[in-house]
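Okay, my_file_34.csv is below, CSV, C-alpha atoms:
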```csv
chain,number,residue,atom,x,y,z
J,55,LEU,CA,0.0,0.0,0.0
J,56,PHE,CA,2.8,2.3,0.8
J,57,LEU,CA,4.4,1.8,-2.6
J,58,ALA,CA,1.1,2.9,-4.3
J,59,THR,CA,1.3,6.3,-2.6
J,60,LEU,CA,4.8,7.1,-3.7
J,61,THR,CA,4.9,10.4,-5.6
J,62,TYR,CA,7.0,11.0,-8.7
J,63,ASP,CA,9.4,13.0,-6.5
J,64,THR,CA,9.8,10.1,-4.2
J,65,LEU,CA,10.4,7.7,-7.1
J,66,ARG,CA,12.9,10.2,-8.4
J,67,PHE,CA,15.2,9.3,-5.5
J,68,GLU,CA,14.2,5.6,-4.9
J,69,TYR,CA,15.5,4.2,-8.2
J,70,GLU,CA,13.7,0.9,-7.5
J,71,ASP,CA,12.8,0.7,-11.1
J,72,PHE,CA,16.5,0.7,-12.3
J,73,PRO,CA,18.3,-2.7,-12.3
J,74,GLU,CA,21.3,-3.2,-9.9
J,75,THR,CA,23.7,-4.4,-12.5
J,76,LYS,CA,27.4,-4.2,-13.3
J,77,GLU,CA,26.4,-3.6,-17.0
J,78,PRO,CA,27.1,0.0,-18.0
J,79,VAL,CA,24.1,2.2,-18.7
J,80,TRP,CA,24.3,4.1,-22.0
J,81,ILE,CA,22.2,7.3,-22.5
J,82,LEU,CA,22.7,9.1,-25.9
J,83,GLY,CA,26.4,8.6,-26.1
J,84,ARG,CA,27.2,8.8,-22.3
J,85,LYS,CA,28.3,5.8,-20.3
J,86,TYR,CA,27.2,5.5,-16.6
J,87,SER,CA,27.5,3.1,-13.7
J,88,VAL,CA,24.3,2.2,-11.9
J,89,PHE,CA,26.2,1.8,-8.7
J,90,THR,CA,28.1,5.2,-8.6
J,91,GLU,CA,26.1,7.5,-11.0
J,92,LYS,CA,22.4,6.8,-10.3
J,93,GLU,CA,21.7,10.5,-9.7
J,94,GLU,CA,23.5,11.5,-13.0
J,95,ILE,CA,21.6,8.9,-15.0
J,96,LEU,CA,18.2,10.2,-13.8
J,97,LEU,CA,19.2,13.8,-14.2
J,98,ASP,CA,20.3,13.1,-17.8
J,99,VAL,CA,17.0,11.3,-18.5
J,100,THR,CA,14.9,14.0,-16.8
J,101,SER,CA,16.7,16.7,-18.9
J,102,ARG,CA,15.5,15.3,-22.2
J,103,LEU,CA,12.4,17.0,-23.5
J,104,TRP,CA,9.4,14.6,-23.0
J,105,PHE,CA,6.4,15.1,-25.3
J,106,THR,CA,3.2,13.2,-24.6
J,107,TYR,CA,-0.3,13.2,-25.8
J,108,ARG,CA,-2.1,16.4,-24.9
J,109,LYS,CA,-5.7,17.5,-24.8
J,110,ASN,CA,-7.6,20.8,-25.2
J,111,PHE,CA,-5.1,22.4,-27.5
J,112,PRO,CA,-6.3,24.7,-30.4
J,113,ALA,CA,-8.0,22.7,-33.1
J,114,ILE,CA,-5.6,21.5,-35.8
J,115,GLY,CA,-6.4,23.3,-39.0
J,116,GLY,CA,-9.0,25.3,-37.1
J,117,THR,CA,-11.7,22.6,-37.2
J,118,GLY,CA,-9.7,19.4,-36.6
J,119,PRO,CA,-8.8,17.4,-33.4
J,120,THR,CA,-8.0,19.2,-30.1
J,121,SER,CA,-6.2,16.1,-28.7
J,122,ASP,CA,-3.8,13.6,-30.2
J,123,THR,CA,-4.6,10.8,-27.8
J,124,GLY,CA,-4.7,7.5,-29.6
J,125,TRP,CA,-3.0,8.7,-32.8
J,126,GLY,CA,-0.1,11.0,-32.1
J,127,CYS,CA,2.4,8.7,-30.4
J,128,MET,CA,4.9,8.6,-33.3
J,129,LEU,CA,4.4,12.3,-34.0
J,130,ARG,CA,5.4,12.9,-30.3
J,131,CYS,CA,8.4,10.6,-30.7
J,132,GLY,CA,9.5,12.6,-33.8
J,133,GLN,CA,9.2,15.7,-31.7
J,134,MET,CA,11.4,14.2,-29.0
J,135,ILE,CA,14.2,13.1,-31.3
J,136,PHE,CA,14.2,16.5,-33.0
J,137,ALA,CA,14.1,18.3,-29.7
J,138,GLN,CA,17.2,16.5,-28.7
J,139,ALA,CA,18.9,17.8,-31.8
J,140,LEU,CA,17.8,21.3,-31.0
J,141,VAL,CA,19.1,20.9,-27.4
J,142,CYS,CA,22.5,19.8,-28.7
J,143,ARG,CA,22.4,22.6,-31.2
J,144,HIS,CA,21.5,25.5,-28.9
J,145,LEU,CA,22.4,24.2,-25.3
J,146,GLY,CA,24.9,21.5,-25.8
J,147,ARG,CA,24.8,17.8,-24.7
J,148,ASP,CA,26.0,18.6,-21.2
J,149,TRP,CA,23.1,20.9,-20.5
J,150,ARG,CA,20.8,19.8,-17.7
J,151,TRP,CA,17.3,20.7,-16.6
J,152,ILE,CA,17.0,21.2,-12.8
J,153,LYS,CA,13.5,21.6,-11.4
J,154,GLY,CA,12.9,25.1,-10.1
J,155,LYS,CA,16.2,26.5,-11.5
J,156,ARG,CA,15.9,29.5,-13.9
J,157,GLN,CA,16.7,28.4,-17.4
J,158,MET,CA,18.4,30.4,-20.1
J,159,ASP,CA,16.4,32.0,-22.9
J,160,ASN,CA,17.6,29.5,-25.5
J,161,TYR,CA,16.0,26.7,-23.5
J,162,PHE,CA,12.6,28.3,-23.8
J,163,ASN,CA,13.2,29.1,-27.4
J,164,VAL,CA,13.7,25.3,-28.0
J,165,LEU,CA,10.7,24.4,-26.0
J,166,ASN,CA,8.5,27.0,-27.7
J,167,ALA,CA,9.4,25.4,-31.1
J,168,PHE,CA,7.3,22.3,-30.0
J,169,ILE,CA,4.3,23.9,-28.1
J,170,ASP,CA,0.8,22.8,-29.3
J,171,LYS,CA,-0.1,25.7,-31.4
J,172,LYS,CA,-0.2,26.3,-35.1
J,173,ASP,CA,2.7,28.8,-35.3
J,174,SER,CA,5.4,26.7,-33.5
J,175,TYR,CA,8.0,25.2,-35.9
J,176,TYR,CA,7.5,21.6,-34.9
J,177,SER,CA,4.1,21.6,-33.2
J,178,ILE,CA,1.7,18.7,-33.5
J,179,HIS,CA,-0.3,21.1,-35.7
J,180,GLN,CA,2.5,21.6,-38.1
J,181,ILE,CA,3.5,17.9,-38.2
J,182,ALA,CA,-0.1,16.8,-38.8
J,183,GLN,CA,-0.8,19.3,-41.5
J,184,MET,CA,2.6,18.8,-43.3
J,185,GLY,CA,1.9,15.1,-43.2
J,186,VAL,CA,-1.0,15.6,-45.6
J,187,GLY,CA,1.6,16.1,-48.3
J,188,GLU,CA,3.0,12.7,-47.4
J,189,GLY,CA,-0.3,11.1,-47.9
J,190,LYS,CA,-1.4,11.0,-44.2
J,191,SER,CA,-4.7,12.6,-43.3
J,192,ILE,CA,-4.9,14.5,-40.0
J,193,GLY,CA,-5.4,12.0,-37.2
J,194,GLN,CA,-3.9,9.1,-39.1
J,195,TRP,CA,-1.0,7.1,-37.6
J,196,TYR,CA,2.5,7.6,-38.8
J,197,GLY,CA,5.5,5.3,-39.2
J,198,PRO,CA,9.1,6.4,-38.4
J,199,ASN,CA,9.9,7.2,-42.0
J,200,THR,CA,6.9,9.5,-42.5
J,201,VAL,CA,7.6,11.5,-39.3
J,202,ALA,CA,11.2,11.9,-40.4
J,203,GLN,CA,10.2,13.2,-43.8
J,204,VAL,CA,7.8,15.7,-42.3
J,205,LEU,CA,10.3,17.0,-39.8
J,206,LYS,CA,12.8,17.5,-42.6
J,207,LYS,CA,10.3,19.7,-44.4
J,208,LEU,CA,9.5,21.7,-41.3
J,209,ALA,CA,13.2,22.3,-40.4
J,210,THR,CA,13.5,24.4,-43.5
J,211,PHE,CA,11.4,27.1,-41.8
J,212,ASP,CA,13.5,27.1,-38.6
J,213,THR,CA,16.0,29.7,-39.6
J,214,TRP,CA,17.0,30.1,-36.0
J,215,SER,CA,18.5,26.6,-35.8
J,216,SER,CA,19.7,26.6,-39.5
J,217,LEU,CA,19.9,22.8,-39.6
J,218,ALA,CA,20.9,20.5,-42.5
J,219,VAL,CA,18.5,17.5,-42.2
J,220,HIS,CA,19.3,14.4,-44.2
J,221,ILE,CA,17.2,11.3,-44.4
J,222,ALA,CA,19.2,8.3,-45.6
J,223,MET,CA,17.0,6.0,-47.7
J,224,ASP,CA,17.6,2.5,-49.0
J,225,ASN,CA,19.7,1.6,-46.0
J,226,THR,CA,22.6,3.7,-47.4
J,227,VAL,CA,24.3,6.8,-46.1
J,228,VAL,CA,26.1,8.7,-48.9
J,229,MET,CA,28.9,10.9,-47.4
J,230,GLU,CA,29.1,13.0,-50.5
J,231,GLU,CA,25.4,14.0,-50.3
J,232,ILE,CA,25.8,15.0,-46.7
J,233,ARG,CA,28.9,17.1,-47.2
J,234,ARG,CA,27.2,18.9,-50.1
J,235,LEU,CA,24.1,19.6,-47.9
J,236,CYS,CA,26.1,20.8,-44.9
J,237,GLN,CA,28.7,22.8,-46.8
J,238,SER,CA,26.1,24.7,-48.8
J,239,ASN,CA,27.6,28.2,-48.3
J,240,PHE,CA,25.3,30.5,-46.4
J,241,PRO,CA,26.2,34.0,-45.3
J,242,CYS,CA,27.0,34.1,-41.6
J,243,ALA,CA,26.4,37.8,-41.5
J,244,GLY,CA,22.6,37.1,-41.6
J,245,ALA,CA,20.8,36.9,-38.3
J,246,ALA,CA,19.1,33.8,-39.4
J,247,ALA,CA,22.3,31.8,-40.0
J,248,CYS,CA,24.0,33.0,-36.8
J,249,PRO,CA,21.5,33.6,-34.0
J,250,ALA,CA,22.3,36.5,-31.6
J,251,VAL,CA,24.5,35.3,-28.8
J,252,GLU,CA,23.9,36.4,-25.3
J,253,SER,CA,27.0,36.8,-23.1
J,254,ASP,CA,26.1,34.0,-20.8
J,255,VAL,CA,24.8,31.6,-23.5
J,256,LEU,CA,26.8,28.9,-25.3
J,257,TYR,CA,26.9,29.2,-29.1
J,258,ASN,CA,26.2,25.9,-30.7
J,259,GLY,CA,27.3,24.1,-27.5
J,260,TYR,CA,30.6,26.0,-27.4
J,261,PRO,CA,31.7,29.0,-25.4
J,262,GLU,CA,31.9,31.9,-27.8
J,263,GLU,CA,35.6,32.1,-28.7
J,264,ALA,CA,37.5,33.7,-31.5
J,265,GLY,CA,37.3,31.5,-34.6
J,266,VAL,CA,34.4,29.3,-33.4
J,267,ARG,CA,31.9,31.2,-35.5
J,268,ASP,CA,34.1,31.2,-38.6
J,269,ARG,CA,34.7,27.4,-38.3
J,270,LEU,CA,31.0,26.6,-37.7
J,271,SER,CA,29.8,28.9,-40.5
J,272,LEU,CA,31.3,26.5,-43.0
J,273,TRP,CA,29.2,23.6,-41.8
J,274,LYS,CA,25.5,23.6,-41.1
J,275,PRO,CA,24.8,21.4,-38.1
J,276,LEU,CA,23.6,18.0,-39.4
J,277,VAL,CA,20.6,16.0,-38.2
J,278,LEU,CA,20.9,12.6,-39.8
J,279,LEU,CA,17.9,10.3,-39.7
J,280,ILE,CA,18.1,6.8,-41.0
J,281,PRO,CA,14.8,4.9,-41.4
J,282,LEU,CA,15.4,1.1,-41.3
J,283,ARG,CA,13.6,-2.2,-41.2
J,284,LEU,CA,15.6,-4.7,-39.1
J,285,GLY,CA,13.5,-7.8,-40.0
J,286,LEU,CA,10.0,-8.4,-41.4
J,287,THR,CA,7.8,-8.9,-38.3
J,288,GLU,CA,10.4,-9.0,-35.5
J,289,ILE,CA,13.9,-7.7,-35.1
J,290,ASN,CA,16.7,-9.9,-36.5
J,291,GLU,CA,19.0,-10.7,-33.6
J,292,ALA,CA,22.0,-10.1,-35.8
J,293,TYR,CA,21.3,-6.3,-35.6
J,294,ILE,CA,21.1,-6.1,-31.9
J,295,GLU,CA,24.8,-5.4,-31.2
J,296,THR,CA,24.9,-2.8,-33.9
J,297,LEU,CA,21.8,-1.1,-32.5
J,298,LYS,CA,23.4,-0.9,-29.1
J,299,HIS,CA,26.5,0.7,-30.6
J,300,CYS,CA,24.4,3.5,-32.0
J,301,PHE,CA,23.5,4.6,-28.4
J,302,MET,CA,27.2,4.6,-27.5
J,303,MET,CA,28.2,7.2,-30.1
J,304,PRO,CA,28.5,10.8,-28.8
J,305,GLN,CA,26.5,11.9,-31.9
J,306,SER,CA,23.5,9.7,-30.9
J,307,LEU,CA,20.0,11.3,-30.9
J,308,GLY,CA,18.5,7.9,-30.1
J,309,VAL,CA,15.9,5.9,-32.0
J,310,ILE,CA,12.2,6.3,-32.7
J,311,GLY,CA,10.2,3.1,-33.1
J,312,GLY,CA,8.4,0.9,-30.6
J,313,LYS,CA,6.4,-2.2,-30.1
J,314,PRO,CA,3.6,-3.2,-32.4
J,315,ASN,CA,0.7,-0.8,-31.5
J,316,SER,CA,2.8,1.9,-29.7
J,317,ALA,CA,5.7,4.2,-30.5
J,318,HIS,CA,8.5,5.1,-28.1
J,319,TYR,CA,11.6,7.3,-28.1
J,320,PHE,CA,14.6,5.1,-27.2
J,321,ILE,CA,17.4,7.0,-25.5
J,322,GLY,CA,19.8,4.2,-24.4
J,323,TYR,CA,20.2,0.7,-23.1
J,324,VAL,CA,21.4,-1.4,-20.2
J,325,GLY,CA,22.2,-5.1,-20.7
J,326,GLU,CA,19.5,-6.5,-23.1
J,327,GLU,CA,17.0,-3.8,-22.3
J,328,LEU,CA,16.3,-0.5,-24.1
J,329,ILE,CA,15.6,2.6,-22.1
J,330,TYR,CA,12.9,4.8,-23.5
J,331,LEU,CA,10.5,7.8,-23.0
J,332,ASP,CA,6.9,6.9,-23.5
J,333,PRO,CA,4.4,9.4,-25.0
J,334,HIS,CA,1.3,7.4,-24.0
J,335,THR,CA,0.1,9.7,-21.2
J,336,THR,CA,-2.4,12.4,-21.9
J,337,GLN,CA,-1.7,15.8,-20.2
J,338,PRO,CA,-3.5,19.1,-20.6
J,339,ALA,CA,-2.1,21.4,-23.2
J,340,VAL,CA,0.2,24.1,-21.7
J,341,GLU,CA,-0.4,27.8,-22.2
J,342,PRO,CA,2.2,30.4,-21.4
J,343,ASN,CA,1.3,32.3,-18.2
J,344,ASP,CA,0.9,36.0,-17.8
J,345,SER,CA,4.6,36.7,-17.6
J,346,SER,CA,4.8,34.8,-21.0
J,347,CYS,CA,7.0,32.2,-19.2
J,348,LEU,CA,6.2,28.7,-20.0
J,349,PRO,CA,5.3,26.2,-17.2
J,350,ASP,CA,7.7,23.5,-18.3
J,351,GLU,CA,7.6,20.7,-15.6
J,352,SER,CA,5.3,18.5,-17.6
J,353,PHE,CA,7.9,18.4,-20.5
J,354,HIS,CA,10.3,16.5,-18.3
J,355,CYS,CA,9.9,12.9,-17.2
J,356,GLN,CA,10.7,13.0,-13.5
J,357,HIS,CA,10.4,9.4,-12.7
J,358,PRO,CA,12.7,6.5,-13.7
J,359,PRO,CA,12.5,5.8,-17.4
J,360,CYS,CA,10.7,2.8,-19.0
J,361,ARG,CA,12.6,-0.3,-20.2
J,362,MET,CA,11.8,-3.1,-22.5
J,363,SER,CA,13.6,-6.1,-24.0
J,364,ILE,CA,15.4,-5.3,-27.2
J,365,ALA,CA,13.9,-8.5,-28.7
J,366,GLU,CA,10.4,-6.9,-28.4
J,367,LEU,CA,11.4,-4.0,-30.6
J,368,ASP,CA,9.3,-3.6,-33.8
J,369,PRO,CA,11.7,-3.9,-36.8
J,370,SER,CA,10.6,-0.6,-38.3
J,371,ILE,CA,12.7,2.2,-36.7
J,372,ALA,CA,14.5,5.4,-37.5
J,373,VAL,CA,18.0,6.0,-36.0
J,374,GLY,CA,19.1,9.6,-35.4
J,375,PHE,CA,22.5,11.3,-35.1
J,376,PHE,CA,23.6,15.0,-34.7
J,377,CYS,CA,26.9,16.3,-36.0
J,378,ASN,CA,27.5,19.8,-34.9
J,379,THR,CA,30.7,20.2,-36.9
J,380,GLU,CA,32.4,18.6,-39.9
J,381,GLU,CA,34.8,17.0,-37.4
J,382,ASP,CA,31.8,15.4,-35.6
J,383,PHE,CA,30.7,14.0,-39.0
J,384,SER,CA,34.1,12.6,-39.9
J,385,ASP,CA,34.4,11.0,-36.4
J,386,TRP,CA,30.9,9.5,-36.9
J,387,CYS,CA,32.0,8.0,-40.2
J,388,GLN,CA,35.1,6.5,-38.7
J,389,GLN,CA,33.0,4.9,-35.9
J,390,ILE,CA,30.5,3.4,-38.4
J,391,LYS,CA,33.5,2.0,-40.4
J,392,LYS,CA,34.9,0.4,-37.2
J,393,LEU,CA,31.5,-1.0,-36.3
J,394,SER,CA,31.5,-3.0,-39.5
J,395,LEU,CA,34.5,-4.9,-38.1
J,396,VAL,CA,32.8,-5.9,-34.8
J,397,ARG,CA,32.2,-9.7,-34.8
J,398,GLY,CA,28.6,-10.8,-34.6
J,399,ALA,CA,27.3,-7.4,-35.4
J,400,LEU,CA,25.4,-7.1,-38.8
J,401,PRO,CA,25.6,-3.6,-40.2
J,402,MET,CA,22.1,-1.9,-40.2
J,403,PHE,CA,23.1,0.4,-43.1
J,404,GLU,CA,25.8,0.9,-45.6
J,405,LEU,CA,28.2,3.9,-45.5
J,406,VAL,CA,29.5,4.9,-49.0
J,407,GLU,CA,31.4,7.9,-50.4
J,408,ARG,CA,29.2,8.5,-53.3
J,409,GLN,CA,25.8,7.3,-54.7
J,410,PRO,CA,26.1,3.7,-55.9
J,411,SER,CA,25.1,3.1,-59.6
J,412,HIS,CA,22.7,0.3,-58.6
J,413,PHE,CA,20.4,3.0,-56.9
J,414,SER,CA,18.7,3.3,-60.3
J,415,ASN,CA,17.3,-0.3,-59.6
J,416,PRO,CA,15.7,-0.3,-56.2
J,417,ASP,CA,15.3,-4.1,-56.3
J,418,VAL,CA,19.0,-4.9,-56.5
J,419,LEU,CA,19.6,-5.1,-52.8
J,420,ASN,CA,16.1,-6.4,-52.1
J,421,LEU,CA,16.4,-4.9,-48.6
J,422,THR,CA,13.0,-3.5,-48.2
J,423,PRO,CA,9.6,-5.0,-48.9
J,424,ASP,CA,7.6,-3.6,-51.8
J,425,SER,CA,5.5,-0.6,-51.2
J,426,SER,CA,2.3,-2.5,-50.5
J,427,ASP,CA,4.0,-4.6,-47.9
J,428,ALA,CA,5.7,-1.6,-46.4
J,429,ASP,CA,2.4,0.3,-46.2
J,430,ARG,CA,0.7,-2.7,-44.6
J,431,LEU,CA,3.5,-3.2,-42.1
J,432,GLU,CA,3.5,0.6,-41.3
J,433,ARG,CA,-0.2,0.5,-40.6
J,434,PHE,CA,0.2,-2.6,-38.4
J,435,PHE,CA,3.0,-0.8,-36.5
J,436,ASP,CA,1.1,2.4,-36.2
J,437,SER,CA,-2.2,0.9,-35.1
J,438,GLU,CA,-3.1,2.1,-31.6
J,439,ASP,CA,-5.9,1.1,-29.3
J,440,GLU,CA,-7.4,3.9,-27.3
J,441,ASP,CA,-8.5,1.5,-24.6
J,442,PHE,CA,-4.9,1.3,-23.5
J,443,GLU,CA,-4.4,5.0,-22.9
J,444,ILE,CA,-3.3,6.1,-19.5
J,445,LEU,CA,-4.7,9.5,-18.4
J,446,SER,CA,-2.4,11.3,-16.1
J,447,LEU,CA,-3.6,13.2,-13.1
```
Conversion result in structure tokens:
Amino acid sequence: LFLATLTYDTLRFEYEDFPETKEPVWILGRKYSVFTEKEEILLDVTSRLWFTYRKNFPAIGGTGPTSDTGWGCMLRCGQMIFAQALVCRHLGRDWRWIKGKRQMDNYFNVLNAFIDKKDSYYSIHQIAQMGVGEGKSIGQWYGPNTVAQVLKKLATFDTWSSLAVHIAMDNTVVMEEIRRLCQSNFPCAGAAACPAVESDVLYNGYPEEAGVRDRLSLWKPLVLLIPLRLGLTEINEAYIETLKHCFMMPQSLGVIGGKPNSAHYFIGYVGEELIYLDPHTTQPAVEPNDSSCLPDESFHCQHPPCRMSIAELDPSIAVGFFCNTEEDFSDWCQQIKKLSLVRGALPMFELVERQPSHFSNPDVLNLTPDSSDADRLERFFDSEDEDFEILSL
């Protein structure tokens, strides 16, 4: 009975939900020990932006839904992986959210980009309406690839972040394409390309130093999303080690995917379990208060994160990486090449210098089911049963 009355705050310090194991805990490229760094693990998890179902937001498109309960879980996961990219871009990977502590303006700028209203860059309204162009009606479930394509389109309007978003299709990452995208020369004199820097704010995760701007101006920060299918109806065990390695890379943005019927945002792993943030809680929509400051506690998961066996993962996923600089991208390429040498780890995708000639024939590799299969599997993955919704207090 006592356990049932524990509050989130109590749970925050009990850690009963985290396994006592010698295995390292990996969270988005950071390695932790459960025995000596429990507090750091939970602070890292709590600092990620957590987007869940919401209710009573302005109607999508003026006359559409006012809640995304039952259909928006993959859209919320897309928001979470993209929010992590924006946090790395504007606040840095080391940034932490501490309850009650005054946050810098850039934090609220990031959060405001995802608020449930029509004019936020990456709001549920924008994602749902942009998805119509991808063949998804408003209120229809998305797969990982669809939400990645929509976010790429929306990022072009986010001049503040000035991101290069690349979606690697056909299980292949083409380095030449990415370099061309990120090195597209843009004037750094413009306010859009180089946001104003406050004296106490980090620029692009770096302290403002001579030369940093010049170096960064030659490379647009990269968000790389790789939609993959790691098996037909269940994950092929041969990919599991490779998937784990993705969470170990400092460039990791995590993975969006889930179990059949529900989407999750995976941020790490311990042993044979994935660690994830779950969007399946319905919270009231948040409105800025009178001082135009945003009440932000409901955007941070303040209890131990969920876990599930890697073997339960639906094979349809999208893996994300963020490369702030050209050096980050070169380092990422080296790590991917080394990964191909790990015994017992089957590569999830191919890394090539330039577009292979066989791309003109999509059946050559026969890596993906035909479109009718893919569509059927995506619908199966995205189906959601409202009976299973948990309404939060």
Query raised in the report: Got a sec: who's within 10 Å of J:Gly285, counting all atoms listed in the file, leaving out chain neighbours fewer than 4 positions off, as a PyMOL selection string?
Result: chain J and resi 289-293+368-370+421-422
Export of prior selection with C-alpha atoms as a PDB file, in the coordinates of the input:
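Output (again.pdb):
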```
ATOM      1  CA  ILE J 289      13.900  -7.700 -35.100  1.00  0.00           C
ATOM      2  CA  ASN J 290      16.700  -9.900 -36.500  1.00  0.00           C
ATOM      3  CA  GLU J 291      19.000 -10.700 -33.600  1.00  0.00           C
ATOM      4  CA  ALA J 292      22.000 -10.100 -35.800  1.00  0.00           C
ATOM      5  CA  TYR J 293      21.300  -6.300 -35.600  1.00  0.00           C
ATOM      6  CA  ASP J 368       9.300  -3.600 -33.800  1.00  0.00           C
ATOM      7  CA  PRO J 369      11.700  -3.900 -36.800  1.00  0.00           C
ATOM      8  CA  SER J 370      10.600  -0.600 -38.300  1.00  0.00           C
ATOM      9  CA  LEU J 421      16.400  -4.900 -48.600  1.00  0.00           C
ATOM     10  CA  THR J 422      13.000  -3.500 -48.200  1.00  0.00           C
TER      11      THR J 422
END
```
Query - For J:Ala399: contacts at 10 Å, all atoms listed in the file, fewer than 6 positions along chain excluded, given as a PyMOL selection string - result: chain J and resi 291-299+393
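Nearest to J:Ile135 of all the residues J:Leu103, J:Ile178, J:Ile232, J:Cys360 is J:Leu103, counting only C-alpha atoms.
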Query - Protein, DNA and RNA residues within 12 Å of (15.8, 28.2, -36.6), all atoms listed in the file, as a PyMOL selection string - result: chain J and resi 139-140+143-144+160+163-164+166-167+174-176+208-218+245-250+274-275
Query - For atom CA of J:His354 and atom CA of J:Arg102, the interatomic separation in Å (one decimal) - result: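 Between these atoms lies a distance of 6.6 Å.
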Query raised in the report: Got a sec: who's within 12 Å of J:Lys206, counting only C-alpha atoms, leaving out chain neighbours fewer than 3 positions off, as a PyMOL selection string?
Result: chain J and resi 132-133+136+175-176+180-181+184-185+188+199-203+209-212+216-222+276-279
For the selection you just gave me, I'd like the residues written to a file as a short mmCIF file (atom, residue, chain, number, x, y, z; two decimals), in the frame of the given file, keeping C-alpha atoms.
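Heads up, here's the output in selection25.cif:
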```
data_model
loop_
_atom_site.label_atom_id
_atom_site.label_comp_id
_atom_site.auth_asym_id
_atom_site.auth_seq_id
_atom_site.Cartn_x
_atom_site.Cartn_y
_atom_site.Cartn_z
CA GLY J 132 9.50 12.60 -33.80
CA GLN J 133 9.20 15.70 -31.70
CA PHE J 136 14.20 16.50 -33.00
CA TYR J 175 8.00 25.20 -35.90
CA TYR J 176 7.50 21.60 -34.90
CA GLN J 180 2.50 21.60 -38.10
CA ILE J 181 3.50 17.90 -38.20
CA MET J 184 2.60 18.80 -43.30
CA GLY J 185 1.90 15.10 -43.20
CA GLU J 188 3.00 12.70 -47.40
CA ASN J 199 9.90 7.20 -42.00
CA THR J 200 6.90 9.50 -42.50
CA VAL J 201 7.60 11.50 -39.30
CA ALA J 202 11.20 11.90 -40.40
CA GLN J 203 10.20 13.20 -43.80
CA ALA J 209 13.20 22.30 -40.40
CA THR J 210 13.50 24.40 -43.50
CA PHE J 211 11.40 27.10 -41.80
CA ASP J 212 13.50 27.10 -38.60
CA SER J 216 19.70 26.60 -39.50
CA LEU J 217 19.90 22.80 -39.60
CA ALA J 218 20.90 20.50 -42.50
CA VAL J 219 18.50 17.50 -42.20
CA HIS J 220 19.30 14.40 -44.20
CA ILE J 221 17.20 11.30 -44.40
CA ALA J 222 19.20 8.30 -45.60
CA LEU J 276 23.60 18.00 -39.40
CA VAL J 277 20.60 16.00 -38.20
CA LEU J 278 20.90 12.60 -39.80
CA LEU J 279 17.90 10.30 -39.70
#
```
J:Val309 surroundings by all atoms listed in the file, 7 Å radius, close-in-sequence under 4 positions cut, as a PDB file with C-alpha atoms, keeping the file's coordinate frame:
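Written output follows (part.pdb):
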```
ATOM      1  CA  TYR J 319      11.600   7.300 -28.100  1.00  0.00           C
ATOM      2  CA  PHE J 320      14.600   5.100 -27.200  1.00  0.00           C
ATOM      3  CA  ILE J 321      17.400   7.000 -25.500  1.00  0.00           C
ATOM      4  CA  ILE J 371      12.700   2.200 -36.700  1.00  0.00           C
ATOM      5  CA  ALA J 372      14.500   5.400 -37.500  1.00  0.00           C
ATOM      6  CA  VAL J 373      18.000   6.000 -36.000  1.00  0.00           C
ATOM      7  CA  GLY J 374      19.100   9.600 -35.400  1.00  0.00           C
TER       8      GLY J 374
END
```
Query raised in the report: So what do you get for atom CA of J:Thr117 versus atom CA of J:Leu348, distance-wise?
Result: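 A separation of 25.6 Å between them.
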Query raised in the report: Of the candidates J:Trp149, J:Phe111, J:Trp125, J:Phe383, which one gets nearest to J:Leu97 if we count only C-alpha atoms?
Result: J:Trp149
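You can rank J:Asp385, J:Asp122, J:Asp148, J:Asp224 by their closest distance to J:Gln409 using all atoms listed in the file, and at the top of that list sits J:Asp224.
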Query raised in the report: When distances are computed from all atoms listed in the file, which of J:Gly189, J:Pro342, J:Gly116, J:Pro359 shows the smallest separation from J:Tyr330?
Result: J:Pro359
Query - Two-atom distance - atom CA of J:Ser352, atom CA of J:Cys377 (Å) - result: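 Here the two named atoms are 28.5 Å from each other.
The nearest approach to J:Leu284 among the residues J:Met362, J:Val406, J:Pro401, J:Pro119, with all atoms listed in the file taken into account, belongs to J:Pro401.
Between J:Lys92 and the candidates J:Ala182, J:Phe375, J:Pro358, J:Arg234, the tightest atom-to-atom separation, counting only C-alpha atoms, involves J:Pro358.
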Query raised in the report: Which neighbours of J:Ser394 fall inside 10 Å, counting all atoms listed in the file, when residues of the same chain fewer than 4 positions from it are skipped, and could you give them as a list in words?
Result: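 So the residues in contact are Thr296, Gln389, Ile390, Gly398, Ala399, Leu400, Pro401, Met402, Phe403, Glu404 and Leu405 of chain J.
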Will you model N, CA and C atoms for stretch 233-238 of chain J and pass it back as a CSV table (one decimal), keeping the file's coordinate frame?
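What landed in result-v3.csv:
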```
chain,number,residue,atom,x,y,z
J,233,ARG,N,27.9,16.0,-47.2
J,233,ARG,CA,28.9,17.1,-47.2
J,233,ARG,C,28.3,18.2,-48.1
J,234,ARG,N,27.7,17.9,-49.2
J,234,ARG,CA,27.2,18.9,-50.1
J,234,ARG,C,26.1,19.7,-49.4
J,235,LEU,N,25.2,18.9,-48.7
J,235,LEU,CA,24.1,19.6,-47.9
J,235,LEU,C,24.6,20.5,-46.8
J,236,CYS,N,25.6,20.0,-46.1
J,236,CYS,CA,26.1,20.8,-44.9
J,236,CYS,C,27.1,21.9,-45.3
J,237,GLN,N,27.7,21.8,-46.4
J,237,GLN,CA,28.7,22.8,-46.8
J,237,GLN,C,28.1,23.8,-47.8
J,238,SER,N,26.8,23.7,-48.0
J,238,SER,CA,26.1,24.7,-48.8
J,238,SER,C,26.4,26.1,-48.2
```
